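Chemist: This is start_16.txt, which holds compact mmCIF, C-alpha atoms:
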# COMPACT_ATOMS: atom_id res chain seq x y z
CA MET A 1 -108.69 -153.97 23.56
CA ALA A 2 -105.32 -153.90 25.21
CA GLY A 3 -104.32 -153.52 28.83
CA HIS A 4 -106.91 -151.55 30.66
CA SER A 5 -110.35 -152.99 30.00
CA LYS A 6 -108.83 -156.41 30.62
CA TRP A 7 -107.18 -155.16 33.81
CA ALA A 8 -110.59 -153.94 35.01
CA ASN A 9 -112.06 -157.36 34.19
CA ILE A 10 -109.30 -159.11 36.15
CA GLN A 11 -109.94 -156.94 39.21
CA HIS A 12 -113.67 -157.59 38.93
CA ARG A 13 -113.12 -161.33 38.64
CA LYS A 14 -110.85 -161.35 41.68
CA GLY A 15 -113.59 -159.80 43.80
CA ARG A 16 -111.59 -156.69 44.64
CA GLN A 17 -114.43 -154.37 43.57
CA ASP A 18 -115.21 -152.91 47.01
CA ALA A 19 -111.60 -152.23 47.97
CA VAL A 20 -110.84 -150.88 44.49
CA ARG A 21 -113.97 -148.72 44.58
CA ALA A 22 -113.10 -147.13 47.94
CA LYS A 23 -109.57 -146.46 46.74
CA LEU A 24 -110.90 -145.01 43.47
CA PHE A 25 -113.28 -142.64 45.27
CA SER A 26 -110.38 -141.41 47.40
CA LYS A 27 -108.20 -140.77 44.35
CA LEU A 28 -111.02 -139.03 42.47
CA SER A 29 -111.76 -136.83 45.50
CA LYS A 30 -108.12 -135.75 45.55
CA GLU A 31 -108.19 -134.95 41.82
CA ILE A 32 -111.43 -132.94 42.22
CA THR A 33 -110.01 -130.97 45.17
CA VAL A 34 -106.73 -130.19 43.38
CA ALA A 35 -108.49 -129.28 40.12
CA ALA A 36 -110.86 -126.95 42.00
CA LYS A 37 -108.01 -125.34 43.92
CA MET A 38 -105.87 -124.80 40.81
CA GLY A 39 -108.72 -123.26 38.82
CA ASP A 40 -112.29 -122.22 39.57
CA PRO A 41 -114.48 -124.24 41.99
CA ASP A 42 -117.29 -124.01 39.40
CA PRO A 43 -117.01 -127.00 37.00
CA ASP A 44 -118.59 -124.93 34.20
CA LYS A 45 -115.63 -122.53 34.33
CA ASN A 46 -112.90 -125.13 34.95
CA PRO A 47 -112.36 -127.83 32.26
CA ARG A 48 -110.07 -129.98 34.43
CA LEU A 49 -112.60 -129.96 37.29
CA ARG A 50 -115.46 -130.66 34.90
CA LEU A 51 -113.67 -133.77 33.59
CA ALA A 52 -112.85 -134.92 37.15
CA VAL A 53 -116.49 -134.55 38.20
CA LYS A 54 -117.64 -136.36 35.03
CA GLU A 55 -115.25 -139.24 35.76
CA ALA A 56 -116.49 -139.41 39.39
CA LYS A 57 -120.13 -139.53 38.27
CA ALA A 58 -119.30 -142.25 35.73
CA VAL A 59 -118.24 -144.58 38.58
CA SER A 60 -121.30 -143.64 40.68
CA MET A 61 -119.42 -141.57 43.24
CA PRO A 62 -122.06 -139.98 45.51
CA LYS A 63 -122.84 -136.30 44.87
CA ASP A 64 -122.10 -135.51 48.55
CA ASN A 65 -118.54 -136.82 48.10
CA ILE A 66 -118.06 -134.66 44.99
CA ASP A 67 -119.43 -131.53 46.71
CA ARG A 68 -117.30 -132.18 49.79
CA ALA A 69 -114.15 -132.51 47.63
CA ILE A 70 -114.89 -129.18 45.89
CA LYS A 71 -115.59 -127.44 49.22
CA LYS A 72 -112.30 -128.76 50.59
CA SER A 73 -110.46 -126.76 47.92
CA ILE A 74 -111.91 -123.53 49.29
CA ALA A 75 -110.97 -124.34 52.91
CA GLY A 76 -107.60 -122.92 53.95
CA ASP A 77 -106.32 -126.05 55.70
CA MET A 78 -105.96 -128.22 52.60
CA GLU A 79 -102.70 -130.10 52.10
CA SER A 80 -100.50 -128.82 49.30
CA TYR A 81 -100.26 -131.53 46.63
CA GLU A 82 -97.84 -131.73 43.73
CA GLU A 83 -98.19 -133.95 40.70
CA ILE A 84 -95.29 -136.26 39.87
CA ARG A 85 -94.78 -138.81 37.10
CA TYR A 86 -92.61 -141.89 37.58
CA GLU A 87 -91.46 -144.14 34.75
CA GLY A 88 -89.98 -147.61 34.78
CA TYR A 89 -90.07 -151.18 33.56
CA GLY A 90 -91.95 -154.22 34.81
CA PRO A 91 -91.54 -157.94 34.09
CA SER A 92 -90.71 -158.78 30.44
CA GLY A 93 -89.64 -155.17 29.83
CA VAL A 94 -93.19 -153.80 29.98
CA ALA A 95 -93.06 -149.98 30.10
CA ILE A 96 -94.95 -148.44 33.04
CA ILE A 97 -96.00 -144.85 33.79
CA VAL A 98 -97.12 -144.02 37.33
CA GLU A 99 -98.86 -140.72 38.02
CA ALA A 100 -98.95 -139.58 41.63
CA MET A 101 -100.32 -136.67 43.62
CA THR A 102 -98.49 -136.18 46.88
CA ASP A 103 -97.88 -133.87 49.82
CA ASN A 104 -94.53 -135.60 50.49
CA ARG A 105 -92.34 -136.18 47.42
CA ASN A 106 -89.69 -138.18 49.33
CA ARG A 107 -92.23 -140.62 50.79
CA THR A 108 -93.89 -141.24 47.44
CA ALA A 109 -90.63 -141.68 45.53
CA SER A 110 -89.35 -144.12 48.14
CA ASN A 111 -92.60 -146.15 48.10
CA VAL A 112 -92.80 -146.30 44.30
CA ARG A 113 -89.13 -147.29 43.96
CA SER A 114 -89.51 -149.96 46.63
CA THR A 115 -92.64 -151.40 44.96
CA PHE A 116 -90.91 -151.64 41.58
CA THR A 117 -87.89 -153.37 43.15
CA LYS A 118 -89.89 -155.84 45.24
CA ARG A 119 -92.13 -156.83 42.31
CA GLY A 120 -89.47 -157.51 39.69
CA GLY A 121 -89.39 -154.13 38.01
CA ASN A 122 -87.06 -151.18 38.05
CA LEU A 123 -87.69 -147.44 38.25
CA GLY A 124 -86.10 -145.34 35.51
CA GLU A 125 -85.52 -141.65 34.94
CA THR A 126 -88.33 -139.30 33.90
CA GLY A 127 -88.63 -139.66 30.13
CA SER A 128 -87.22 -143.19 30.07
CA VAL A 129 -90.49 -144.75 28.82
CA SER A 130 -92.98 -141.92 28.15
CA PHE A 131 -91.69 -141.59 24.58
CA MET A 132 -93.37 -144.97 23.93
CA PHE A 133 -96.79 -143.48 24.75
CA ASP A 134 -98.96 -140.68 23.37
CA ARG A 135 -100.92 -138.39 25.70
CA LYS A 136 -104.55 -138.61 24.53
CA GLY A 137 -108.12 -137.95 25.54
CA GLN A 138 -110.07 -141.19 26.03
CA ILE A 139 -113.86 -141.56 26.17
CA VAL A 140 -115.26 -145.03 26.84
CA TYR A 141 -118.78 -146.29 26.03
CA GLY A 142 -120.23 -149.71 26.87
CA ALA A 143 -121.05 -152.53 24.49
CA GLY A 144 -124.74 -151.62 24.17
CA LEU A 145 -124.16 -149.10 21.38
CA ASP A 146 -123.90 -149.82 17.65
CA ALA A 147 -120.32 -149.41 16.37
CA ASP A 148 -121.39 -147.44 13.26
CA ARG A 149 -123.41 -145.04 15.41
CA VAL A 150 -120.44 -144.46 17.72
CA MET A 151 -118.09 -143.93 14.76
CA GLU A 152 -120.48 -141.44 13.14
CA ALA A 153 -120.91 -139.49 16.40
CA ALA A 154 -117.13 -139.51 17.03
CA ILE A 155 -116.34 -138.13 13.55
CA GLU A 156 -119.01 -135.46 14.02
CA ALA A 157 -117.54 -134.56 17.43
CA GLY A 158 -114.01 -134.14 16.06
CA ALA A 159 -112.43 -137.29 17.51
CA GLU A 160 -109.29 -138.86 16.02
CA ASP A 161 -110.09 -142.58 16.21
CA VAL A 162 -112.53 -145.18 17.54
CA GLU A 163 -111.78 -148.74 18.67
CA SER A 164 -114.85 -150.96 18.96
CA GLY A 165 -114.85 -154.49 20.39
CA GLU A 166 -117.00 -156.83 22.42
CA ASP A 167 -116.13 -154.91 25.63
CA GLY A 168 -117.40 -151.62 24.18
CA HIS A 169 -116.07 -148.58 22.36
CA VAL A 170 -113.04 -146.36 23.03
CA VAL A 171 -113.01 -142.93 21.40
CA TRP A 172 -109.62 -141.19 21.12
CA CYS A 173 -109.03 -137.47 20.67
CA ALA A 174 -106.36 -134.80 21.11
CA VAL A 175 -105.73 -133.71 24.71
CA GLU A 176 -106.95 -130.17 24.10
CA ASP A 177 -110.16 -131.44 22.44
CA LEU A 178 -111.29 -133.81 25.21
CA ASN A 179 -113.79 -131.44 26.80
CA ASP A 180 -115.44 -130.46 23.49
CA VAL A 181 -115.46 -134.02 22.07
CA SER A 182 -116.87 -135.55 25.26
CA THR A 183 -119.60 -132.88 25.47
CA ALA A 184 -120.61 -133.50 21.83
CA LEU A 185 -120.61 -137.29 22.34
CA GLU A 186 -122.71 -136.97 25.49
CA ALA A 187 -125.35 -135.06 23.48
CA ALA A 188 -125.31 -137.74 20.75
CA LEU A 189 -124.81 -140.97 22.72
CA GLY A 190 -125.54 -140.19 26.37
CA GLU A 191 -123.26 -140.35 29.40
CA ALA A 192 -119.89 -142.10 28.83
CA GLU A 193 -118.54 -144.79 31.16
CA SER A 194 -115.25 -142.89 31.43
CA THR A 195 -113.80 -139.57 30.24
CA LYS A 196 -110.16 -138.81 30.99
CA LEU A 197 -106.64 -138.05 29.83
CA VAL A 198 -104.52 -141.17 29.47
CA TRP A 199 -101.17 -142.41 28.19
CA LYS A 200 -101.85 -144.48 25.05
CA PRO A 201 -99.14 -147.07 24.26
CA GLN A 202 -97.72 -146.83 20.73
CA THR A 203 -96.93 -150.57 20.81
CA THR A 204 -97.76 -153.35 23.27
CA THR A 205 -95.89 -156.39 24.62
CA GLU A 206 -97.84 -159.66 24.69
CA LEU A 207 -97.37 -161.53 27.97
CA ASP A 208 -97.43 -165.22 28.82
CA LEU A 209 -99.16 -166.39 32.00
CA GLU A 210 -96.16 -166.09 34.31
CA ALA A 211 -95.23 -162.58 33.13
CA ALA A 212 -98.89 -161.48 33.26
CA GLN A 213 -99.22 -162.68 36.86
CA SER A 214 -96.03 -160.86 37.87
CA LEU A 215 -97.11 -157.65 36.15
CA MET A 216 -100.58 -157.78 37.75
CA LYS A 217 -98.97 -158.01 41.19
CA LEU A 218 -96.77 -155.00 40.43
CA ILE A 219 -99.65 -152.87 39.07
CA GLU A 220 -101.88 -153.90 41.98
CA ALA A 221 -99.21 -152.93 44.53
CA LEU A 222 -98.63 -149.57 42.83
CA GLU A 223 -102.36 -148.82 42.64
CA ASP A 224 -102.75 -149.65 46.33
CA ASP A 225 -100.46 -146.72 47.22
CA ASP A 226 -102.60 -143.80 48.40
CA ASP A 227 -100.38 -141.29 46.57
CA VAL A 228 -100.70 -143.04 43.19
CA GLN A 229 -103.49 -141.70 40.96
CA SER A 230 -103.01 -143.93 37.90
CA VAL A 231 -100.80 -146.68 36.47
CA THR A 232 -100.42 -147.26 32.72
CA ALA A 233 -98.50 -150.12 31.07
CA ASN A 234 -97.99 -151.16 27.43
CA PHE A 235 -99.03 -154.81 27.75
CA GLU A 236 -101.39 -157.13 25.88
CA ILE A 237 -102.90 -160.35 27.24
CA SER A 238 -104.43 -163.01 25.01
CA ASP A 239 -107.87 -164.44 25.81
CA GLU A 240 -106.21 -167.79 26.61
CA VAL A 241 -103.95 -166.21 29.24
CA MET A 242 -106.84 -164.08 30.54
CA ALA A 243 -108.84 -167.23 31.18
CA GLN A 244 -106.05 -168.58 33.39
CA LEU A 245 -105.55 -165.45 35.48
Represent the structure contained in this file as structure tokens.

Modeler:
Amino acid sequence: MAGHSKWANIQHRKGRQDAVRAKLFSKLSKEITVAAKMGDPDPDKNPRLRLAVKEAKAVSMPKDNIDRAIKKSIAGDMESYEEIRYEGYGPSGVAIIVEAMTDNRNRTASNVRSTFTKRGGNLGETGSVSFMFDRKGQIVYGAGLDADRVMEAAIEAGAEDVESGEDGHVVWCAVEDLNDVSTALEAALGEAESTKLVWKPQTTTELDLEAAQSLMKLIEALEDDDDVQSVTANFEISDEVMAQL
């Protein structure tokens, strides 16, 4: 599998789990609060909130944190967040999409631009790279399941495609079908490791060691920004290069 499962493995190997986990909980809390505020605070009546809660549970976020994030949406003193997408290029021309949620557009734009510049990339206009990606629903299951069983359940659920490998299984579906497909898969296969909307690269760029190291530093720096919710890049790393990272 390209990019992201390998990126997770790199972070795990580098021992950044605790820092990454704390940062992830913070980002998920923000998404839950915003989703609850924009729709209904009841996950059963709000598909975006339901997916955010499902994603939080998948990474073992405590129930108290989830409840607190939902309650925050009802309180009147909540910051007003807006969602912004940034697009640019990293080392070796790798296309990068950065999704942010911010209460200060100028601060976030300045930080993202500065990070790109300092780490050998450059920020482009909105639309400059997103045409190289498809917006898709992504449901991830671990390696413990049989590939044929996952494929059968995915077809039954109305998914578009399944990629199975030694790291596990990735089920792809249309954006508007994510809630229905993930619910059907949960009934057939159990709880997924991850359920979310993502940018799926149409093609990927294979990186050598030097370019991979540079790109990792850029992605890491972007993800460390409190306003950044997600970073997607169209890269591929061979097992040989992975072993050296």

Chemist: Would you kindly return, as a PyMOL selection string, each protein, DNA or RNA residue with an atom no farther than 12 Å from any atom of Val112 (chain A), considering only C-alpha atoms and excluding same-chain residues fewer than 3 positions away?

Modeler: chain A and resi 84-88+96-100+102+105-109+115-119+121-124+218-219+221-228+231

Chemist: Find the residues around Asp148 (chain A) up to 12 Å (all atoms listed in the file counted), leave out those fewer than 3 positions away in its own chain, and share them as a ChimeraX atom specification.

Modeler: /A:145,151-155,162-165,169,189

Chemist: Nearest residue to Ile66 (chain A) out of A:Thr195, A:Ser26, A:Ser80, A:Ser128, using only C-alpha atoms?

Modeler: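 Once distances to Ile66 (chain A) are computed over only C-alpha atoms, the minimum belongs to A:Ser26.
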
Chemist: Extract, using only C-alpha atoms, all DNA, RNA and protein residues at most 7 Å from Pro201 (chain A), discarding same-chain residues fewer than 4 positions from it, and format them as an NGL selection string.

Modeler: :A and (132-134 or 234)

Chemist: For the residues in the current selection, export C-alpha atoms as a PDB file, in the coordinates of the input.

Modeler:
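Generated file (result34.pdb):
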ATOM      1  CA  MET A 132     -93.370-144.970  23.930  1.00  0.00           C
ATOM      2  CA  PHE A 133     -96.790-143.480  24.750  1.00  0.00           C
ATOM      3  CA  ASP A 134     -98.960-140.680  23.370  1.00  0.00           C
ATOM      4  CA  ASN A 234     -97.990-151.160  27.430  1.00  0.00           C
TER       5      ASN A 234
END

Chemist: Where's the centre, and what are the edge lengths in Å to one decimal, of a box along x, y and z enclosing all listed atoms of region 151-166 of chain A padded 5 Å per side, as JSON?

Modeler:
{"center_x": -115.1, "center_y": -145.5, "center_z": 17.8, "size_x": 21.6, "size_y": 32.7, "size_z": 19.3}

Chemist: Can you list, as a PDB file with C-alpha atoms, in the coordinates of the input, every protein, DNA or RNA residue that comes within 8 Å of Val94 (chain A) when you count all atoms listed in the file, leaving out same-chain residues fewer than 5 positions away?

Modeler:
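See out27.pdb below for the written result:
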ATOM      1  CA  TYR A  89     -90.070-151.180  33.560  1.00  0.00           C
ATOM      2  CA  THR A 205     -95.890-156.390  24.620  1.00  0.00           C
ATOM      3  CA  ALA A 233     -98.500-150.120  31.070  1.00  0.00           C
ATOM      4  CA  ASN A 234     -97.990-151.160  27.430  1.00  0.00           C
ATOM      5  CA  PHE A 235     -99.030-154.810  27.750  1.00  0.00           C
TER       6      PHE A 235
END

Chemist: Tell me, as a list in words, which residues lie within 10 Å of Gly142 (chain A), counting all atoms listed in the file; anything in the same chain fewer than 6 positions away does not count.

Modeler: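 Selected residues are Ser164, Gly165, Glu166, Asp167, Gly168, His169, Val170, Ala192, Glu193 and Ser194 of chain A.
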
Chemist: Ranking A:Asp239, A:Gln202, A:Lys30, A:Leu178 by minimum distance to Pro47 (chain A) and counting only C-alpha atoms, which one comes first?

Modeler: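 Closest to Pro47 (chain A) of all the choices is A:Leu178.
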
Chemist: So how far away is CA of Glu83 (chain A) from CA of Gly158 (chain A), in Å?

Modeler: 29.3 Å

Chemist: What does the distance between CA of Leu197 (chain A) and CA of Arg135 (chain A) come to in Å, to one decimal place?

Modeler: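 These two atoms are separated by 7.1 Å.
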
Chemist: With all atoms listed in the file as the basis for distance, which of A:Ser29, A:Gly90, A:Asn179, A:Leu51 is at the shortest distance from Asn65 (chain A)?

Modeler: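 Nearest candidate to Asn65 (chain A) out of A:Ser29, A:Gly90, A:Asn179, A:Leu51: A:Ser29.
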
Chemist: When you draw a straight line from CA of Glu160 (chain A) to CA of Trp172 (chain A), how long is it in Å?

Modeler: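 Computing the Euclidean distance for CA of Glu160 (chain A) and CA of Trp172 (chain A) yields 5.6 Å.
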
Chemist: Using only C-alpha atoms for the distances, tell me which of A:Asp177, A:Asp44, A:Asp208, A:Asp161 is nearest to Ala243 (chain A).

Modeler: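 Among the listed residues, the smallest separation from Ala243 (chain A) belongs to A:Asp208.
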
Chemist: Just checking: using all atoms listed in the file, which residue out of A:Ala187, A:Ser92, A:Pro62, A:Glu156 ends up closest to Ala212 (chain A)?

Modeler: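 For Ala212 (chain A), the nearest of the given residues is A:Ser92.
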
Chemist: Using only C-alpha atoms and a cutoff of 12 Å, can you tell me which residues are near (-117.9, -138.7, 35.1) in the file's coordinates, and write them out as a compact mmCIF listing (two decimals) with C-alpha atoms, in the coordinates of the input?

Modeler:
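Result saved to out03.txt:
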# COMPACT_ATOMS: atom_id res chain seq x y z
CA PHE A 25 -113.28 -142.64 45.27
CA LEU A 28 -111.02 -139.03 42.47
CA ILE A 32 -111.43 -132.94 42.22
CA PRO A 43 -117.01 -127.00 37.00
CA ARG A 48 -110.07 -129.98 34.43
CA LEU A 49 -112.60 -129.96 37.29
CA ARG A 50 -115.46 -130.66 34.90
CA LEU A 51 -113.67 -133.77 33.59
CA ALA A 52 -112.85 -134.92 37.15
CA VAL A 53 -116.49 -134.55 38.20
CA LYS A 54 -117.64 -136.36 35.03
CA GLU A 55 -115.25 -139.24 35.76
CA ALA A 56 -116.49 -139.41 39.39
CA LYS A 57 -120.13 -139.53 38.27
CA ALA A 58 -119.30 -142.25 35.73
CA VAL A 59 -118.24 -144.58 38.58
CA SER A 60 -121.30 -143.64 40.68
CA MET A 61 -119.42 -141.57 43.24
CA PRO A 62 -122.06 -139.98 45.51
CA LYS A 63 -122.84 -136.30 44.87
CA ILE A 66 -118.06 -134.66 44.99
CA ILE A 139 -113.86 -141.56 26.17
CA VAL A 140 -115.26 -145.03 26.84
CA TYR A 141 -118.78 -146.29 26.03
CA ASN A 179 -113.79 -131.44 26.80
CA SER A 182 -116.87 -135.55 25.26
CA THR A 183 -119.60 -132.88 25.47
CA GLU A 186 -122.71 -136.97 25.49
CA GLY A 190 -125.54 -140.19 26.37
CA GLU A 191 -123.26 -140.35 29.40
CA ALA A 192 -119.89 -142.10 28.83
CA GLU A 193 -118.54 -144.79 31.16
CA SER A 194 -115.25 -142.89 31.43
CA THR A 195 -113.80 -139.57 30.24
CA LYS A 196 -110.16 -138.81 30.99

Chemist: Show me as a ChimeraX atom specification the residues that reach within 9 Å of (-96.6, -127.9, 52.9), counting all atoms listed in the file and using the file's own coordinates.

Modeler: /A:79-81,103-104

Chemist: May I ask which of the residues A:Ser110, A:Gln138, A:Lys200, A:Ser214 is the closest one to Thr232 (chain A), counting all atoms listed in the file?

Modeler: A:Lys200
